[in-house]
$ cat entry-v3.pdb   # PDB, C-alpha atoms and all ligand atoms
ATOM      1  CA  MET A   1     -23.408   7.009   1.747
ATOM      2  CA  ARG A   2     -22.084   3.674   2.896
ATOM      3  CA  GLN A   3     -18.505   3.523   4.073
ATOM      4  CA  LEU A   4     -16.415   1.210   1.895
ATOM      5  CA  VAL A   5     -12.859   0.507   3.058
ATOM      6  CA  PHE A   6     -10.154  -1.041   0.874
ATOM      7  CA  LEU A   7      -7.027  -2.580   2.365
ATOM      8  CA  THR A   8      -4.558  -2.916  -0.485
ATOM      9  CA  GLY A   9      -1.097  -4.385  -0.940
ATOM     10  CA  ALA A  10       1.424  -5.022  -3.659
ATOM     11  CA  GLY A  11      -0.922  -7.267  -5.684
ATOM     12  CA  MET A  12      -3.111  -4.208  -6.317
ATOM     13  CA  SER A  13      -0.386  -2.718  -8.501
ATOM     14  CA  ALA A  14       0.903  -5.981 -10.014
ATOM     15  CA  GLU A  15      -1.086  -5.572 -13.235
ATOM     16  CA  SER A  16       0.397  -2.098 -13.607
ATOM     17  CA  GLY A  17       3.809  -3.764 -13.793
ATOM     18  CA  ILE A  18       5.076  -3.247 -10.258
ATOM     19  CA  SER A  19       6.507  -6.402  -8.692
ATOM     20  CA  THR A  20       5.027  -7.793  -5.505
ATOM     21  CA  PHE A  21       7.382  -8.708  -2.660
ATOM     22  CA  ARG A  22       6.761 -12.331  -1.729
ATOM     23  CA  ASP A  23       5.465 -13.953  -4.930
ATOM     24  CA  ALA A  24       7.862 -16.028  -7.076
ATOM     25  CA  GLY A  25      10.055 -13.465  -8.825
ATOM     26  CA  GLY A  26       9.021 -10.843  -6.264
ATOM     27  CA  LEU A  27      11.317  -8.116  -4.984
ATOM     28  CA  TRP A  28      12.390  -9.988  -1.860
ATOM     29  CA  GLU A  29      13.735 -12.806  -4.022
ATOM     30  CA  ASN A  30      16.226 -10.413  -5.584
ATOM     31  CA  TYR A  31      16.965  -8.141  -2.649
ATOM     32  CA  ASP A  32      17.713  -8.724   1.007
ATOM     33  CA  VAL A  33      14.762  -7.020   2.665
ATOM     34  CA  MET A  34      16.733  -6.113   5.774
ATOM     35  CA  LYS A  35      19.486  -4.500   3.690
ATOM     36  CA  VAL A  36      17.199  -2.251   1.631
ATOM     37  CA  ALA A  37      14.041  -1.788   3.698
ATOM     38  CA  SER A  38      15.057  -1.588   7.340
ATOM     39  CA  ILE A  39      16.367   1.231   9.489
ATOM     40  CA  GLU A  40      19.456  -0.891  10.224
ATOM     41  CA  GLY A  41      20.046  -1.271   6.482
ATOM     42  CA  TRP A  42      19.887   2.514   6.089
ATOM     43  CA  TYR A  43      22.534   3.055   8.768
ATOM     44  CA  GLU A  44      24.699   0.316   7.300
ATOM     45  CA  ASP A  45      24.599   1.202   3.598
ATOM     46  CA  PRO A  46      22.554   4.318   2.766
ATOM     47  CA  GLU A  47      23.738   4.322  -0.856
ATOM     48  CA  LEU A  48      22.325   0.862  -1.468
ATOM     49  CA  VAL A  49      19.017   1.908   0.097
ATOM     50  CA  GLN A  50      18.871   5.121  -1.949
ATOM     51  CA  GLN A  51      19.577   3.160  -5.129
ATOM     52  CA  PHE A  52      16.800   0.696  -4.345
ATOM     53  CA  TYR A  53      14.222   3.471  -3.880
ATOM     54  CA  ASN A  54      15.581   5.557  -6.772
ATOM     55  CA  ASP A  55      14.968   2.500  -8.956
ATOM     56  CA  ARG A  56      11.433   2.098  -7.560
ATOM     57  CA  ARG A  57      10.698   5.779  -8.307
ATOM     58  CA  ALA A  58      12.095   5.525 -11.851
ATOM     59  CA  GLN A  59       9.829   2.516 -12.419
ATOM     60  CA  LEU A  60       6.811   4.339 -10.982
ATOM     61  CA  ALA A  61       7.277   7.072 -13.586
ATOM     62  CA  LYS A  62       6.729   4.474 -16.321
ATOM     63  CA  VAL A  63       3.578   2.739 -15.066
ATOM     64  CA  GLU A  64      -0.113   3.583 -14.991
ATOM     65  CA  PRO A  65      -3.024   2.746 -12.688
ATOM     66  CA  ASN A  66      -4.846  -0.422 -13.755
ATOM     67  CA  ASP A  67      -8.588  -1.079 -14.027
ATOM     68  CA  GLY A  68      -8.664  -2.205 -10.398
ATOM     69  CA  HIS A  69      -7.407   1.179  -9.166
ATOM     70  CA  LYS A  70      -9.843   2.908 -11.526
ATOM     71  CA  ILE A  71     -12.908   0.952 -10.404
ATOM     72  CA  ILE A  72     -12.089   1.712  -6.758
ATOM     73  CA  ALA A  73     -11.857   5.419  -7.585
ATOM     74  CA  GLY A  74     -15.121   5.262  -9.563
ATOM     75  CA  LEU A  75     -16.987   3.824  -6.575
ATOM     76  CA  GLU A  76     -16.704   7.241  -4.915
ATOM     77  CA  LYS A  77     -19.805   8.187  -6.942
ATOM     78  CA  GLU A  78     -21.911   5.795  -4.873
ATOM     79  CA  PHE A  79     -19.949   5.174  -1.671
ATOM     80  CA  LYS A  80     -17.778   6.924   0.846
ATOM     81  CA  VAL A  81     -14.539   5.178  -0.108
ATOM     82  CA  SER A  82     -11.385   5.014   1.996
ATOM     83  CA  VAL A  83      -8.250   3.297   0.768
ATOM     84  CA  ILE A  84      -5.681   2.096   3.272
ATOM     85  CA  THR A  85      -2.660   0.865   1.390
ATOM     86  CA  GLN A  86       0.661  -0.727   2.225
ATOM     87  CA  ASN A  87       1.828   0.386  -1.209
ATOM     88  CA  VAL A  88       4.253   3.259  -1.564
ATOM     89  CA  ASP A  89       3.281   4.002  -5.168
ATOM     90  CA  ASN A  90       0.756   6.729  -6.023
ATOM     91  CA  LEU A  91      -1.431   4.713  -8.383
ATOM     92  CA  HIS A  92      -4.587   4.974  -6.251
ATOM     93  CA  GLU A  93      -4.310   8.766  -6.291
ATOM     94  CA  ARG A  94      -3.509   8.848 -10.000
ATOM     95  CA  ALA A  95      -6.619   6.745 -10.657
ATOM     96  CA  GLY A  96      -8.669   9.392  -8.842
ATOM     97  CA  SER A  97      -9.082   8.083  -5.284
ATOM     98  CA  THR A  98      -9.361  11.051  -2.938
ATOM     99  CA  SER A  99      -8.930   9.372   0.454
ATOM    100  CA  VAL A 100      -5.765   7.281   0.603
ATOM    101  CA  VAL A 101      -3.823   6.420   3.757
ATOM    102  CA  HIS A 102      -0.306   5.148   3.102
ATOM    103  CA  LEU A 103       0.775   2.918   5.964
ATOM    104  CA  HIS A 104       4.315   2.389   4.667
ATOM    105  CA  GLY A 105       5.089   5.848   3.316
ATOM    106  CA  GLU A 106       5.211   7.310  -0.174
ATOM    107  CA  LEU A 107       7.801   6.919  -2.910
ATOM    108  CA  THR A 108       7.197  10.409  -4.274
ATOM    109  CA  LYS A 109       8.256  12.040  -1.014
ATOM    110  CA  ALA A 110      11.577  12.495   0.763
ATOM    111  CA  CYS A 111      12.165  13.558   4.347
ATOM    112  CA  ASN A 112      14.816  14.487   6.873
ATOM    113  CA  GLU A 113      16.175  11.833   9.224
ATOM    114  CA  SER A 114      13.684  12.664  11.971
ATOM    115  CA  LYS A 115      10.784  12.632   9.460
ATOM    116  CA  THR A 116       9.636  16.071  10.629
ATOM    117  CA  ARG A 117      10.134  17.682   7.208
ATOM    118  CA  ILE A 118       8.604  16.136   4.132
ATOM    119  CA  TYR A 119       9.370  17.095   0.539
ATOM    120  CA  ASP A 120       7.577  16.223  -2.697
ATOM    121  CA  ILE A 121      10.169  14.838  -5.088
ATOM    122  CA  GLY A 122       7.950  13.178  -7.666
ATOM    123  CA  CYS A 123       9.746  10.327  -9.373
ATOM    124  CA  ASN A 124      13.164  11.978  -9.157
ATOM    125  CA  PRO A 125      16.171  10.310  -7.554
ATOM    126  CA  ILE A 126      17.660  11.366  -4.227
ATOM    127  CA  HIS A 127      21.362  11.957  -4.871
ATOM    128  CA  ALA A 128      24.154  10.693  -2.646
ATOM    129  CA  GLY A 129      24.991  13.256   0.019
ATOM    130  CA  GLU A 130      21.800  15.291  -0.475
ATOM    131  CA  LYS A 131      20.787  17.042   2.736
ATOM    132  CA  ALA A 132      17.489  18.233   4.221
ATOM    133  CA  GLU A 133      17.126  21.813   5.523
ATOM    134  CA  ASP A 134      18.123  20.761   9.033
ATOM    135  CA  GLY A 135      21.414  19.376   7.744
ATOM    136  CA  SER A 136      20.445  15.719   8.192
ATOM    137  CA  ARG A 137      20.564  13.284   5.313
ATOM    138  CA  LEU A 138      17.651  13.374   2.912
ATOM    139  CA  ARG A 139      16.020   9.941   2.878
ATOM    140  CA  PRO A 140      13.042   8.249   1.250
ATOM    141  CA  PHE A 141       9.738   8.889   3.068
ATOM    142  CA  ILE A 142       9.208   5.196   3.654
ATOM    143  CA  VAL A 143       8.305   3.272   6.794
ATOM    144  CA  TRP A 144      11.109   0.736   7.070
ATOM    145  CA  PHE A 145      11.152  -2.397   9.150
ATOM    146  CA  GLY A 146      12.149  -1.295  12.630
ATOM    147  CA  GLU A 147      10.291   2.038  12.364
ATOM    148  CA  ALA A 148       6.985   3.191  13.825
ATOM    149  CA  VAL A 149       3.873   3.132  11.635
ATOM    150  CA  PRO A 150       2.330   6.519  12.475
ATOM    151  CA  MET A 151      -0.732   6.112  10.240
ATOM    152  CA  ILE A 152      -1.893   2.917  11.922
ATOM    153  CA  GLU A 153      -4.180   4.655  14.421
ATOM    154  CA  LYS A 154      -5.944   6.641  11.737
ATOM    155  CA  ALA A 155      -6.270   3.449   9.675
ATOM    156  CA  ALA A 156      -7.727   1.523  12.630
ATOM    157  CA  GLU A 157     -10.300   4.252  13.157
ATOM    158  CA  ILE A 158     -11.308   4.115   9.492
ATOM    159  CA  VAL A 159     -11.635   0.313   9.602
ATOM    160  CA  SER A 160     -13.767   0.533  12.746
ATOM    161  CA  LYS A 161     -16.303   2.620  10.797
ATOM    162  CA  ALA A 162     -16.333   0.431   7.697
ATOM    163  CA  GLU A 163     -19.618  -0.989   6.447
ATOM    164  CA  VAL A 164     -17.881  -3.145   3.837
ATOM    165  CA  ILE A 165     -14.185  -4.123   3.806
ATOM    166  CA  VAL A 166     -12.279  -5.290   0.740
ATOM    167  CA  ILE A 167      -8.768  -6.734   1.017
ATOM    168  CA  ILE A 168      -6.818  -6.780  -2.243
ATOM    169  CA  GLY A 169      -3.385  -8.204  -3.080
ATOM    170  CA  THR A 170      -1.699  -8.468   0.274
ATOM    171  CA  SER A 171      -0.192 -11.559   1.853
ATOM    172  CA  MET A 172      -1.175 -10.108   5.256
ATOM    173  CA  GLN A 173       2.192 -11.032   6.681
ATOM    174  CA  VAL A 174       3.403  -7.633   7.783
ATOM    175  CA  TYR A 175       2.168  -6.173  11.061
ATOM    176  CA  PRO A 176       0.654  -3.916  12.188
ATOM    177  CA  ALA A 177      -1.111  -3.645   8.789
ATOM    178  CA  ALA A 178      -2.210  -7.291   8.913
ATOM    179  CA  GLY A 179      -3.923  -6.705  12.264
ATOM    180  CA  LEU A 180      -6.166  -3.904  11.000
ATOM    181  CA  ILE A 181      -8.948  -6.301  10.135
ATOM    182  CA  HIS A 182      -9.500  -6.916  13.850
ATOM    183  CA  TYR A 183     -10.862  -3.378  14.191
ATOM    184  CA  ALA A 184     -13.799  -4.215  11.932
ATOM    185  CA  GLN A 185     -17.206  -4.221  13.546
ATOM    186  CA  ARG A 186     -18.823  -7.605  14.000
ATOM    187  CA  GLY A 187     -20.858  -8.721  10.993
ATOM    188  CA  VAL A 188     -19.301  -6.343   8.489
ATOM    189  CA  PRO A 189     -19.021  -8.059   5.071
ATOM    190  CA  ILE A 190     -15.376  -8.688   4.176
ATOM    191  CA  PHE A 191     -14.184  -9.579   0.679
ATOM    192  CA  LEU A 192     -10.718 -10.724  -0.330
ATOM    193  CA  ILE A 193      -9.462 -10.384  -3.900
ATOM    194  CA  ASP A 194      -6.318 -12.370  -4.743
ATOM    195  CA  PRO A 195      -5.565 -14.739  -7.639
ATOM    196  CA  ASN A 196      -3.588 -17.079  -5.405
ATOM    197  CA  ASP A 197      -4.678 -19.499  -2.741
ATOM    198  CA  VAL A 198      -3.992 -17.269   0.249
ATOM    199  CA  PRO A 199      -5.261 -18.099   3.728
ATOM    200  CA  ALA A 200      -8.408 -16.088   4.376
ATOM    201  CA  PRO A 201      -9.791 -15.182   7.768
ATOM    202  CA  ARG A 202     -13.164 -16.691   8.683
ATOM    203  CA  ASN A 203     -16.327 -15.109   7.275
ATOM    204  CA  VAL A 204     -14.449 -13.654   4.350
ATOM    205  CA  GLU A 205     -15.841 -13.975   0.823
ATOM    206  CA  VAL A 206     -12.905 -14.808  -1.411
ATOM    207  CA  ILE A 207     -12.818 -13.627  -5.034
ATOM    208  CA  ARG A 208      -9.957 -15.618  -6.524
ATOM    209  CA  LYS A 209      -9.086 -13.190  -9.297
ATOM    210  CA  LYS A 210      -6.511 -10.568 -10.129
ATOM    211  CA  ALA A 211      -7.261  -7.072  -8.841
ATOM    212  CA  SER A 212      -8.870  -5.734 -12.031
ATOM    213  CA  ASP A 213     -11.174  -8.716 -12.720
ATOM    214  CA  GLY A 214     -11.825  -9.080  -8.999
ATOM    215  CA  MET A 215     -12.938  -5.461  -8.764
ATOM    216  CA  LYS A 216     -15.347  -5.933 -11.684
ATOM    217  CA  ILE A 217     -16.956  -8.814  -9.784
ATOM    218  CA  LEU A 218     -16.964  -6.883  -6.520
ATOM    219  CA  LYS A 219     -18.689  -3.940  -8.169
ATOM    220  CA  GLU A 220     -21.501  -6.249  -9.284
ATOM    221  CA  ARG A 221     -21.711  -7.788  -5.803
ATOM    222  CA  LEU A 222     -22.048  -4.337  -4.269
ATOM    223  CA  ALA A 223     -24.777  -3.453  -6.753
ATOM    224  CA  GLN A 224     -26.664  -6.639  -5.733
ATOM    225  CA  MET A 225     -26.201  -5.923  -2.032
ATOM    226  CA  TYR A 226     -27.310  -2.318  -2.166
ATOM    227  CA  VAL A 227     -30.031  -2.110  -4.826
TER     228      VAL A 227
HETATM  229  P1  LIG B 301       3.221  -9.400  -0.822
HETATM  230  O1  LIG B 301       4.184  -9.511  -1.955
HETATM  231  O2  LIG B 301       3.604  -9.999   0.473
HETATM  232  O3  LIG B 301       1.827 -10.053  -1.241
HETATM  233  C1  LIG B 301       1.267  -9.770  -2.500
HETATM  234  C2  LIG B 301      -0.079 -10.452  -2.610
HETATM  235  O4  LIG B 301      -0.644 -10.051  -3.837
HETATM  236  C3  LIG B 301      -0.045 -11.979  -2.594
HETATM  237  O5  LIG B 301      -1.066 -12.486  -1.748
HETATM  238  C4  LIG B 301      -0.315 -12.353  -4.056
HETATM  239  O6  LIG B 301      -1.004 -13.591  -4.181
HETATM  240  C5  LIG B 301      -1.199 -11.192  -4.489
HETATM  241  N1  LIG B 301      -1.230 -10.901  -5.933
HETATM  242  C6  LIG B 301      -0.300 -11.167  -6.885
HETATM  243  N2  LIG B 301      -0.698 -10.713  -8.085
HETATM  244  C7  LIG B 301      -1.920 -10.127  -7.893
HETATM  245  C8  LIG B 301      -2.848  -9.457  -8.744
HETATM  246  N3  LIG B 301      -2.627  -9.292 -10.058
HETATM  247  N4  LIG B 301      -3.999  -9.002  -8.189
HETATM  248  C9  LIG B 301      -4.255  -9.167  -6.869
HETATM  249  N5  LIG B 301      -3.409  -9.786  -6.025
HETATM  250  C10 LIG B 301      -2.253 -10.252  -6.528
HETATM  251  O7  LIG B 301       2.872  -7.847  -0.686
HETATM  252  P2  LIG B 301       2.263  -7.041   0.554
HETATM  253  O8  LIG B 301       1.342  -7.903   1.339
HETATM  254  O9  LIG B 301       1.756  -5.767   0.026
HETATM  255  O10 LIG B 301       6.750  -3.298   3.237
HETATM  256  O11 LIG B 301       3.569  -6.754   1.397
HETATM  257  C11 LIG B 301       3.447  -6.020   2.589
HETATM  258  C12 LIG B 301       4.692  -5.247   2.876
HETATM  259  O12 LIG B 301       5.831  -6.126   2.841
HETATM  260  C13 LIG B 301       5.035  -4.190   1.858
HETATM  261  O13 LIG B 301       4.341  -2.979   2.078
HETATM  262  C14 LIG B 301       6.508  -4.022   2.016
HETATM  263  C15 LIG B 301       6.895  -5.471   2.117
HETATM  264  O14 LIG B 301       8.055  -5.758   2.803
HETATM  265  C16 LIG B 301       7.898  -2.596   3.400
HETATM  266  O15 LIG B 301       8.782  -2.566   2.563
HETATM  267  C17 LIG B 301       7.997  -1.869   4.698
END

$ encode --input "entry-v3.pdb" --output "structure tokens" --more "lines below"
Ligand code: OAD
Amino acid sequence: MRQLVFLTGAGMSAESGISTFRDAGGLWENYDVMKVASIEGWYEDPELVQQFYNDRRAQLAKVEPNDGHKIIAGLEKEFKVSVITQNVDNLHERAGSTSVVHLHGELTKACNESKTRIYDIGCNPIHAGEKAEDGSRLRPFIVWFGEAVPMIEKAAEIVSKAEVIVIIGTSMQVYPAAGLIHYAQRGVPIFLIDPNDVPAPRNVEVIRKKASDGMKILKERLAQMYV
């Protein structure tokens, strides 16, 4: 089966009701990113950080995967599909995708301060003062600004084997995720699905639609390409 690789960002989950970060009305308009999503912010005001992610988890409990997530999952019938996402929600998995790499961590997990112990917490809050087994503070299992991105090597390897790459709903502003595309083999078809006029790398076929409509079009394109 052909290897199809999706690189997804916040726009993937927008139609499910989760805000993006950098669009008008996005999360970074209402929050100071360095206060709530950086390792410095965590040291400075852990309660604020916990509240931010507790709110994100509570919201995740109320939303559902959209058609875009579902079409990606459905493509596993015909393709070997890998999803590499910057999203911390679990909507790809809930839609049925079986191979999902989370570059920036997962909302439904907590960990100790050294990130050596990971706990499934679902959409429950982490309470102030809660400790991990090693006595360190329990924290969200999120890759904050200023932290290493351990999954990047695995992601780069997956991209290097891709036969088709599809970028959906990411402003491609955050590295190292934004650099992953450079691991693609020469000549691999690359599609970009985004309703806004985002700068696209050369040789990229842009589908200027929201994730769900864009995925319907992409599915037809794939059927044409691989009849
Ligand atoms: P951004 O908010 O930067 O970009 C969202 C993209 O989604 C934009 O290009 C929008 O045009 C597009 N978009 C909006 N609605 C859409 C829809 N319905 N369908 C498809 N696309 C849509 O989000 P990311 O690029 O994911 O990291 O942000 C990357 C990282 O920055 C996040 O993982 C997060 C953030 O700071 C951390 O917190 C560590």

$ residues_around --input "entry-v3.pdb" --residues "range 133-147 of chain A" --least-positions-apart "2" --cutoff "8 Å" --atoms "all atoms listed in the file" --output "PyMOL selection string"
chain A and resi 34+37-40+50+53+88+103-113+115+118+126+129-131+149

$ write_last_selection --input "entry-v3.pdb" --atoms "C-alpha atoms" --output "PDB file, in the coordinates of the input"
ATOM      1  CA  MET A  34      16.733  -6.113   5.774  1.00  0.00           C
ATOM      2  CA  ALA A  37      14.041  -1.788   3.698  1.00  0.00           C
ATOM      3  CA  SER A  38      15.057  -1.588   7.340  1.00  0.00           C
ATOM      4  CA  ILE A  39      16.367   1.231   9.489  1.00  0.00           C
ATOM      5  CA  GLU A  40      19.456  -0.891  10.224  1.00  0.00           C
ATOM      6  CA  GLN A  50      18.871   5.121  -1.949  1.00  0.00           C
ATOM      7  CA  TYR A  53      14.222   3.471  -3.880  1.00  0.00           C
ATOM      8  CA  VAL A  88       4.253   3.259  -1.564  1.00  0.00           C
ATOM      9  CA  LEU A 103       0.775   2.918   5.964  1.00  0.00           C
ATOM     10  CA  HIS A 104       4.315   2.389   4.667  1.00  0.00           C
ATOM     11  CA  GLY A 105       5.089   5.848   3.316  1.00  0.00           C
ATOM     12  CA  GLU A 106       5.211   7.310  -0.174  1.00  0.00           C
ATOM     13  CA  LEU A 107       7.801   6.919  -2.910  1.00  0.00           C
ATOM     14  CA  THR A 108       7.197  10.409  -4.274  1.00  0.00           C
ATOM     15  CA  LYS A 109       8.256  12.040  -1.014  1.00  0.00           C
ATOM     16  CA  ALA A 110      11.577  12.495   0.763  1.00  0.00           C
ATOM     17  CA  CYS A 111      12.165  13.558   4.347  1.00  0.00           C
ATOM     18  CA  ASN A 112      14.816  14.487   6.873  1.00  0.00           C
ATOM     19  CA  GLU A 113      16.175  11.833   9.224  1.00  0.00           C
ATOM     20  CA  LYS A 115      10.784  12.632   9.460  1.00  0.00           C
ATOM     21  CA  ILE A 118       8.604  16.136   4.132  1.00  0.00           C
ATOM     22  CA  ILE A 126      17.660  11.366  -4.227  1.00  0.00           C
ATOM     23  CA  GLY A 129      24.991  13.256   0.019  1.00  0.00           C
ATOM     24  CA  GLU A 130      21.800  15.291  -0.475  1.00  0.00           C
ATOM     25  CA  LYS A 131      20.787  17.042   2.736  1.00  0.00           C
ATOM     26  CA  VAL A 149       3.873   3.132  11.635  1.00  0.00           C
TER      27      VAL A 149
END

$ resolve_selection --input "entry-v3.pdb" --expression "the PyMOL selection byres (((not hetatm)) within 6 of (chain B and resi 301))" --output "PyMOL selection string"
chain A and resi 9-12+14-15+20-23+37+86-87+104+143-145+168-172+174+194-196+198+210-211

$ axis_aligned_box --input "entry-v3.pdb" --around "range 63-73 of chain A" --padding-each-side "6 Å" --output "lines of an AutoDock Vina configuration file"
center_x = -4.7
center_y = 1.6
center_z = -10.9
size_x = 28.5
size_y = 19.6
size_z = 20.3

$ resolve_selection --input "entry-v3.pdb" --expression "the PyMOL selection byres (((chain A and resi 74) around 12) and not hetatm)" --output "list in words"
Asp67, Gly68, His69, Lys70, Ile71, Ile72, Ala73, Leu75, Glu76, Lys77, Glu78, Phe79, Lys80, Val81, His92, Glu93, Ala95, Gly96, Ser97, Thr98, Met215, Lys216 and Lys219 of chain A

$ residues_around --input "entry-v3.pdb" --residues "Glu47 in chain A" --least-positions-apart "4" --cutoff "10 Å" --atoms "all atoms listed in the file" --output "list in words"
Val36, Gly41, Trp42, Tyr43, Gln51, Phe52, Ile126, His127, Ala128 and Gly129 of chain A

$ atom_distance --input "entry-v3.pdb" --atom1 "CA of Leu60 in chain A" --atom2 "CA of Asp89 in chain A"
6.8 Å

$ atom_distance --input "entry-v3.pdb" --atom1 "CA of Asp45 in chain A" --atom2 "CA of Ala58 in chain A"
20.3 Å

$ resolve_selection --input "entry-v3.pdb" --expression "the PyMOL selection byres (((chain A and resi 187) around 12) and not hetatm)" --output "ChimeraX atom specification"
/A:160,162-165,182-186,188-190,202-204

$ atom_distance --input "entry-v3.pdb" --atom1 "CA of Ser16 in chain A" --atom2 "CA of Gln59 in chain A"
10.6 Å

$ closest_residue --input "entry-v3.pdb" --among "A:Ala178, A:Glu157, A:Pro125, A:Tyr226" --to "Asn54 in chain A" --atoms "all atoms listed in the file"
A:Pro125
